[in-house]
Amino acid sequence: MTDVLMYPHGPRAFASALIGHLYEIAQQRSVVLLCDPLPADYRRLVARRDLFPGLQTVIDVNALGFSLAELLGENRRWVRTIRSVLDRFEPRLVVTENDMSSLFDMYLLREARRRGIRTMSIQAMGQANNRDSCRMFDLWTRYQQDDRPGRFRQGVRALRRSVRVRLGHGLVHYVLPWMTGQAALTGPSSYVSHVGVPGMRDSELHLVQTDAQCRVFLEAGCASERLAILEHPASRIPLDAFLPEPPAEPSTSPNSPSVLVLLGVAATGFDRVNGAVIPASLRRRLRIDAVEAIRARLPEWRVLVKAHPTFGTASRVAEYLDRAAPRAEIADPSLQVEPMLRDAAVVIDLPAATTSALATAAAAFPGKPVIAADLDRDLLGTWYADWPGVSHVSSVAELESVLDAIGRGTFSEFRASRGSIPVKGIRRFRSTLEATDHLIGAGAGAAFASRCPSPWTVR
C-alpha cells in the first residue's frame with residue numbers, strides 16, 4: 001500500500017510548484033508519481049533519493065490532452081490506466097493540481113472517491129476570479145469568430161457559440177464517461193464552459209497560495225470547509241534544490257546585475273474597463289517600449305528576455321522585439337525559467353502580467369524586486385495586484401519610476417504587496433506534509449525522516 005499517489009497535471013505545473021510539494025510529502029510518506037513526460041533535467045532530479053526518499057516510482061501516463069482527437073483516442077486508455085494504478089498501489093491519498101481540468105484529473109479523483117480514497121488538490125498557478133474568467137472566455141470566443149476584430153456580432157454567431165460550448169461540455173462530462181461505462185461527471189464546475197473553480201468537484205481539500213486567491217475561490221462558490229491556505233513551497237524550501245544547471249549563455253556583461261524580462265503567451269487581450277480588444281500590435285509596441293525603458297533606466301545592467309515556449313525560437317523573439325532586440329539578450333524560450341529567476345536581480349513580467357513564474361520568484365526570493373507590469377489594462381492584468389511580494393504597476397511611467405528607484409538602490413519606496421487582509425475561518429497549513437497528515441493521519445511514513453537531509457543543506 002502506498003501513502004500518496006500524485007498527478008501534477010503537466011510539466012509546467014510540476015516545475016512551477018508541485019515539485020516542491022512532492023519534496024515535502026516524500027520526506028515522510030511513500031509516493032507514486034504519475035506524470036506526463038518530464039524534461040530530462042527534472043527526470044534526473046526526481047530520481048535522486050536524497051531529495052525524494054519516499055518516491056517509489058514515476059509512471060508516464062501521457063494524459064494531458066484537450067483536443068477532440070486526444071479526448072476520443074485516449075479516453076478508454078486513461079480510465080484503464082487509472083484503475084490499474086489504483087489497483088496496484090492502493091494509495092491512501094490521491095493528489096492532483098485541480099479537480100476540474102483535465103479529463104484525466106476528473107477521472108482519477110472520481111475513481112478515488114468511489115473507492116473511498118481521500119483526495120486533495122493543490123494550486124500551482126494563479127486563478128482569475130470567476131467573473132473575469134467567464135468574461136474573458138466570452139470575449140475571446142467572439143474575437144476568434146469575428147473577421148473584424150473589435151466588432152462583436154450578435155444573433156447567429158452568439159447562438160453558435162452557445163451551442164458549441166454546450167456540446168463540448170456534454171462531450172467531456174457525459175458522453176466520454178458513458179463510453180467507458182462510467183456515470184456522468186456531473187458537478188458545479190466545467191473547464192469547457194469556464195464555470196466554477198477547482199475544489200468544487202471531487203477534491204476534499206483544495207490548497208490555495210494566498211488570502212486573495214482564497215477569496216477568489218470563495219466568491220466563485222467553493223465551500224470554505226474545502227479550502228485551506230498553504231504558501232508556495234518555494235517560501236519554505238530553497239529553490240536551488242530543484243534547479244537544473246542552466247546551459248552557458250553568452251553575455252555581453254557577465255558581471256553586471258541582470259533584469260529578467262518575461263513575455264507571456266497572450267499576444268492580444270481585452271480592456272478590463274470596456275471590453276475592447278487590445279490589438280496584438282499595441283501590446284507588441286508596449287512590450288518593446290518597456291524593454292527599451294528598462295535598458296535606458298538601467299544602462300549598466302544586463303537585460304535578459306525569456307519568452308513563453310510558444311514563441312518557438314530565440315530568433316522569433318528577437319524579430320518580435322524589433323528595435324529593442326539589439327539592446328537585450330534573448331534566452332531560448334524552451335529553457336526552464338526557474339534558474340533565471342534565481343540568477344536575476346530583478347524580475348519583470350510584461351503584459352498581460354499573469355506569468356506563473358512571478359509567484360515562484362516572490363516566494364523564493366523575498367526582497368527581490370518582482371514586478372507585474374500591467375501596462376494596457378488587460379482584463380486579467382490585476383492578477384498579481386494583491387499577491388504577497390509582487391509589485392504591481394499600471395503604466396509605463398510608473399514602471400520607469402520603479403526602475404529609477406532600483407537604479408538608485410531605493411526600491412523599498414515601492415513596497416511590494418503584503419497580500420490582502422487574512423480570510424477568517426480558513427485552515428492554514430505550514431507544509432504539504434501537514435496537509436497530508438490532516439487527511440490520512442500522521443506517523444505512517446516516519447521512517448523516511450531519519451534518512452532525509454534538512455532542506456537547508458540540500459545541494
# chains A, B, ... in the order shown; residues from 1 in each chain; ligands from 1

$ residues_around --residues "stretch 374-386 of chain A" --least-positions-apart "6" --cutoff "8 Å" --atoms "only C-alpha atoms" --output "tab-separated table (two decimals) with C-alpha atoms, in the first residue's frame"
chain	number	residue	atom	x	y	z
A	126	GLY	CA	-2.95	31.75	-10.13
A	127	GLN	CA	-6.72	31.64	-10.53
A	128	ALA	CA	-8.67	34.52	-12.09
A	132	ASP	CA	-13.31	37.90	-15.20
A	136	MET	CA	-12.54	36.68	-20.93
A	212	ALA	CA	-6.51	36.96	-2.04
A	269	GLY	CA	-6.06	40.93	-24.72
A	270	PHE	CA	-9.20	42.79	-23.69
A	271	ASP	CA	-9.56	46.07	-21.83
A	272	ARG	CA	-10.96	45.41	-18.36
A	273	VAL	CA	-12.96	48.66	-18.40
A	275	GLY	CA	-14.02	45.01	-23.10
A	278	ILE	CA	-6.16	45.17	-27.15
A	283	ARG	CA	0.71	45.02	-26.97
A	286	LEU	CA	4.14	48.39	-25.30
A	350	LEU	CA	5.24	42.39	-19.25
A	351	PRO	CA	1.55	42.48	-20.31
A	352	ALA	CA	-0.65	40.67	-19.62
A	353	ALA	CA	1.46	40.12	-16.46
A	354	THR	CA	-0.05	36.76	-15.50
A	392	HIS	CA	2.01	45.81	-9.48
A	393	VAL	CA	2.48	48.78	-11.83
A	394	SER	CA	-0.14	50.02	-14.27
A	395	SER	CA	1.66	52.37	-16.68
A	396	VAL	CA	5.00	52.83	-18.46
A	417	SER	CA	2.16	43.91	-1.82
A	418	ARG	CA	1.94	42.27	1.58
A	419	GLY	CA	-1.17	40.46	0.47
A	420	SER	CA	-4.77	41.13	1.32

$ select_by_dssp --residues "stretch 203-418 of chain A" --states "strand (DSSP E)" --output "PyMOL selection string"
chain A and resi 205-208+227-229+258-263+269-270+277-278+302-307+329-330+346-349+370-373+391-393

$ residues_around --residues "A:Leu38" --least-positions-apart "2" --cutoff "10 Å" --atoms "only C-alpha atoms" --output "number ranges by chain"
A: 10-12, 14-15, 35-36, 40-44, 46, 60

$ residues_around --residues "A:Ala63" --least-positions-apart "3" --cutoff "12 Å" --atoms "only C-alpha atoms" --output "number ranges by chain"
A: 7-11, 34-37, 59-60, 66-67, 70-71, 73-82, 101-108

$ residues_around --residues "A:Arg284" --least-positions-apart "2" --cutoff "8 Å" --atoms "only C-alpha atoms" --output "ChimeraX atom specification"
/A:267,280-282,286-288,320-321

$ residues_around --residues "A:Gly54" --least-positions-apart "2" --cutoff "7 Å" --atoms "only C-alpha atoms" --output "count of residues only"
9

$ residues_around --residues "A:Gly187" --least-positions-apart "4" --cutoff "9 Å" --atoms "only C-alpha atoms" --output "list in words"
His173, Met200, Arg201 and Asp202 of chain A

$ closest_residue --among "A:Val370, A:Ile117, A:Leu298, A:Val259" --to "A:Asp343" --atoms "only C-alpha atoms"
A:Val259

$ atom_distance --atom1 "atom CA of A:Gly441" --atom2 "atom CA of A:Ile237"
23.1 Å

$ atom_distance --atom1 "atom CA of A:Thr436" --atom2 "atom CA of A:Leu93"
7.9 Å

$ decode --residues "stretch 25-73 of chain A" --atoms "N, CA and C atoms" --output "mmCIF file, in the first residue's frame"
data_model
loop_
_atom_site.group_PDB
_atom_site.id
_atom_site.type_symbol
_atom_site.label_atom_id
_atom_site.label_comp_id
_atom_site.auth_asym_id
_atom_site.auth_seq_id
_atom_site.Cartn_x
_atom_site.Cartn_y
_atom_site.Cartn_z
ATOM 1 N N ILE A 25 6.130 16.065 0.810
ATOM 2 C CA ILE A 25 5.403 14.833 1.124
ATOM 3 C C ILE A 25 6.352 13.647 1.194
ATOM 4 N N ALA A 26 7.308 13.605 0.258
ATOM 5 C CA ALA A 26 8.180 12.431 0.137
ATOM 6 C C ALA A 26 9.196 12.311 1.259
ATOM 7 N N GLN A 27 9.277 13.296 2.140
ATOM 8 C CA GLN A 27 10.192 13.166 3.271
ATOM 9 C C GLN A 27 9.704 12.109 4.264
ATOM 10 N N GLN A 28 8.401 11.990 4.422
ATOM 11 C CA GLN A 28 7.880 11.054 5.415
ATOM 12 C C GLN A 28 6.759 10.163 4.886
ATOM 13 N N ARG A 29 6.484 10.221 3.607
ATOM 14 C CA ARG A 29 5.415 9.415 3.014
ATOM 15 C C ARG A 29 5.918 8.691 1.776
ATOM 16 N N SER A 30 5.380 7.513 1.534
ATOM 17 C CA SER A 30 5.662 6.821 0.277
ATOM 18 C C SER A 30 4.785 7.422 -0.809
ATOM 19 N N VAL A 31 5.370 7.684 -1.971
ATOM 20 C CA VAL A 31 4.683 8.403 -3.040
ATOM 21 C C VAL A 31 4.910 7.708 -4.371
ATOM 22 N N VAL A 32 3.854 7.618 -5.157
ATOM 23 C CA VAL A 32 3.943 7.226 -6.564
ATOM 24 C C VAL A 32 3.575 8.445 -7.399
ATOM 25 N N LEU A 33 4.411 8.794 -8.364
ATOM 26 C CA LEU A 33 4.192 9.975 -9.195
ATOM 27 C C LEU A 33 3.734 9.568 -10.584
ATOM 28 N N LEU A 34 2.528 9.995 -10.959
ATOM 29 C CA LEU A 34 2.056 9.887 -12.337
ATOM 30 C C LEU A 34 2.352 11.203 -13.025
ATOM 31 N N CYS A 35 2.821 11.173 -14.248
ATOM 32 C CA CYS A 35 3.115 12.450 -14.904
ATOM 33 C C CYS A 35 3.133 12.281 -16.411
ATOM 34 N N ASP A 36 2.973 13.395 -17.088
ATOM 35 C CA ASP A 36 3.298 13.452 -18.498
ATOM 36 C C ASP A 36 4.815 13.536 -18.597
ATOM 37 N N PRO A 37 5.412 13.150 -19.731
ATOM 38 C CA PRO A 37 6.870 13.103 -19.806
ATOM 39 C C PRO A 37 7.515 14.404 -19.334
ATOM 40 N N LEU A 38 8.438 14.275 -18.368
ATOM 41 C CA LEU A 38 9.127 15.431 -17.806
ATOM 42 C C LEU A 38 10.373 15.739 -18.626
ATOM 43 N N PRO A 39 10.806 17.016 -18.635
ATOM 44 C CA PRO A 39 12.108 17.327 -19.236
ATOM 45 C C PRO A 39 13.199 16.498 -18.578
ATOM 46 N N ALA A 40 14.260 16.236 -19.312
ATOM 47 C CA ALA A 40 15.319 15.341 -18.833
ATOM 48 C C ALA A 40 15.906 15.803 -17.505
ATOM 49 N N ASP A 41 16.070 17.129 -17.327
ATOM 50 C CA ASP A 41 16.652 17.638 -16.091
ATOM 51 C C ASP A 41 15.782 17.283 -14.889
ATOM 52 N N TYR A 42 14.475 17.399 -15.056
ATOM 53 C CA TYR A 42 13.574 17.106 -13.946
ATOM 54 C C TYR A 42 13.423 15.603 -13.736
ATOM 55 N N ARG A 43 13.567 14.835 -14.793
ATOM 56 C CA ARG A 43 13.566 13.384 -14.643
ATOM 57 C C ARG A 43 14.754 12.949 -13.788
ATOM 58 N N ARG A 44 15.909 13.573 -14.016
ATOM 59 C CA ARG A 44 17.081 13.243 -13.197
ATOM 60 C C ARG A 44 16.889 13.671 -11.747
ATOM 61 N N LEU A 45 16.241 14.803 -11.540
ATOM 62 C CA LEU A 45 16.017 15.286 -10.185
ATOM 63 C C LEU A 45 15.147 14.334 -9.375
ATOM 64 N N VAL A 46 14.030 13.895 -9.953
ATOM 65 C CA VAL A 46 13.119 13.046 -9.180
ATOM 66 C C VAL A 46 13.724 11.663 -8.930
ATOM 67 N N ALA A 47 14.808 11.325 -9.625
ATOM 68 C CA ALA A 47 15.478 10.040 -9.384
ATOM 69 C C ALA A 47 16.425 10.105 -8.187
ATOM 70 N N ARG A 48 16.621 11.310 -7.625
ATOM 71 C CA ARG A 48 17.555 11.470 -6.511
ATOM 72 C C ARG A 48 16.888 11.083 -5.196
ATOM 73 N N ARG A 49 17.416 10.044 -4.568
ATOM 74 C CA ARG A 49 16.841 9.562 -3.318
ATOM 75 C C ARG A 49 17.102 10.516 -2.155
ATOM 76 N N ASP A 50 18.164 11.327 -2.249
ATOM 77 C CA ASP A 50 18.413 12.268 -1.160
ATOM 78 C C ASP A 50 17.365 13.376 -1.144
ATOM 79 N N LEU A 51 16.806 13.699 -2.306
ATOM 80 C CA LEU A 51 15.760 14.721 -2.367
ATOM 81 C C LEU A 51 14.376 14.140 -2.121
ATOM 82 N N PHE A 52 14.122 12.951 -2.662
ATOM 83 C CA PHE A 52 12.783 12.358 -2.598
ATOM 84 C C PHE A 52 12.874 10.934 -2.043
ATOM 85 N N PRO A 53 13.190 10.788 -0.759
ATOM 86 C CA PRO A 53 13.411 9.443 -0.209
ATOM 87 C C PRO A 53 12.189 8.546 -0.267
ATOM 88 N N GLY A 54 10.996 9.126 -0.255
ATOM 89 C CA GLY A 54 9.789 8.310 -0.256
ATOM 90 C C GLY A 54 9.210 8.039 -1.628
ATOM 91 N N LEU A 55 9.833 8.570 -2.684
ATOM 92 C CA LEU A 55 9.287 8.386 -4.033
ATOM 93 C C LEU A 55 9.583 6.971 -4.515
ATOM 94 N N GLN A 56 8.539 6.179 -4.699
ATOM 95 C CA GLN A 56 8.701 4.783 -5.079
ATOM 96 C C GLN A 56 8.936 4.597 -6.566
ATOM 97 N N THR A 57 8.165 5.287 -7.381
ATOM 98 C CA THR A 57 8.287 5.118 -8.832
ATOM 99 C C THR A 57 7.636 6.292 -9.542
ATOM 100 N N VAL A 58 8.052 6.502 -10.773
ATOM 101 C CA VAL A 58 7.475 7.539 -11.642
ATOM 102 C C VAL A 58 6.902 6.841 -12.864
ATOM 103 N N ILE A 59 5.629 7.115 -13.151
ATOM 104 C CA ILE A 59 4.936 6.449 -14.256
ATOM 105 C C ILE A 59 4.458 7.492 -15.254
ATOM 106 N N ASP A 60 4.920 7.372 -16.497
ATOM 107 C CA ASP A 60 4.432 8.258 -17.558
ATOM 108 C C ASP A 60 3.038 7.811 -17.984
ATOM 109 N N VAL A 61 2.098 8.755 -17.969
ATOM 110 C CA VAL A 61 0.729 8.402 -18.342
ATOM 111 C C VAL A 61 0.255 9.118 -19.604
ATOM 112 N N ASN A 62 0.988 10.157 -20.046
ATOM 113 C CA ASN A 62 0.603 10.885 -21.267
ATOM 114 C C ASN A 62 -0.886 11.215 -21.249
ATOM 115 N N ALA A 63 -1.292 11.977 -20.248
ATOM 116 C CA ALA A 63 -2.724 12.179 -20.015
ATOM 117 C C ALA A 63 -3.181 13.617 -20.181
ATOM 118 N N LEU A 64 -2.291 14.533 -20.548
ATOM 119 C CA LEU A 64 -2.689 15.933 -20.656
ATOM 120 C C LEU A 64 -3.168 16.207 -22.079
ATOM 121 N N GLY A 65 -4.423 15.858 -22.353
ATOM 122 C CA GLY A 65 -4.980 16.038 -23.693
ATOM 123 C C GLY A 65 -6.282 16.806 -23.658
ATOM 124 N N PHE A 66 -6.435 17.756 -24.578
ATOM 125 C CA PHE A 66 -7.641 18.583 -24.605
ATOM 126 C C PHE A 66 -8.312 18.625 -25.979
ATOM 127 N N SER A 67 -7.576 18.267 -27.033
ATOM 128 C CA SER A 67 -8.172 18.323 -28.367
ATOM 129 C C SER A 67 -9.188 17.202 -28.530
ATOM 130 N N LEU A 68 -10.084 17.359 -29.504
ATOM 131 C CA LEU A 68 -11.106 16.349 -29.748
ATOM 132 C C LEU A 68 -10.471 15.006 -30.094
ATOM 133 N N ALA A 69 -9.421 15.028 -30.925
ATOM 134 C CA ALA A 69 -8.762 13.778 -31.305
ATOM 135 C C ALA A 69 -8.150 13.090 -30.090
ATOM 136 N N GLU A 70 -7.514 13.864 -29.190
ATOM 137 C CA GLU A 70 -6.908 13.284 -27.991
ATOM 138 C C GLU A 70 -7.969 12.722 -27.052
ATOM 139 N N LEU A 71 -9.051 13.462 -26.876
ATOM 140 C CA LEU A 71 -10.106 13.008 -25.970
ATOM 141 C C LEU A 71 -10.726 11.704 -26.453
ATOM 142 N N LEU A 72 -11.045 11.642 -27.737
ATOM 143 C CA LEU A 72 -11.674 10.434 -28.270
ATOM 144 C C LEU A 72 -10.687 9.268 -28.343
ATOM 145 N N GLY A 73 -9.443 9.564 -28.712
ATOM 146 C CA GLY A 73 -8.469 8.495 -28.904
ATOM 147 C C GLY A 73 -7.915 7.921 -27.615
#
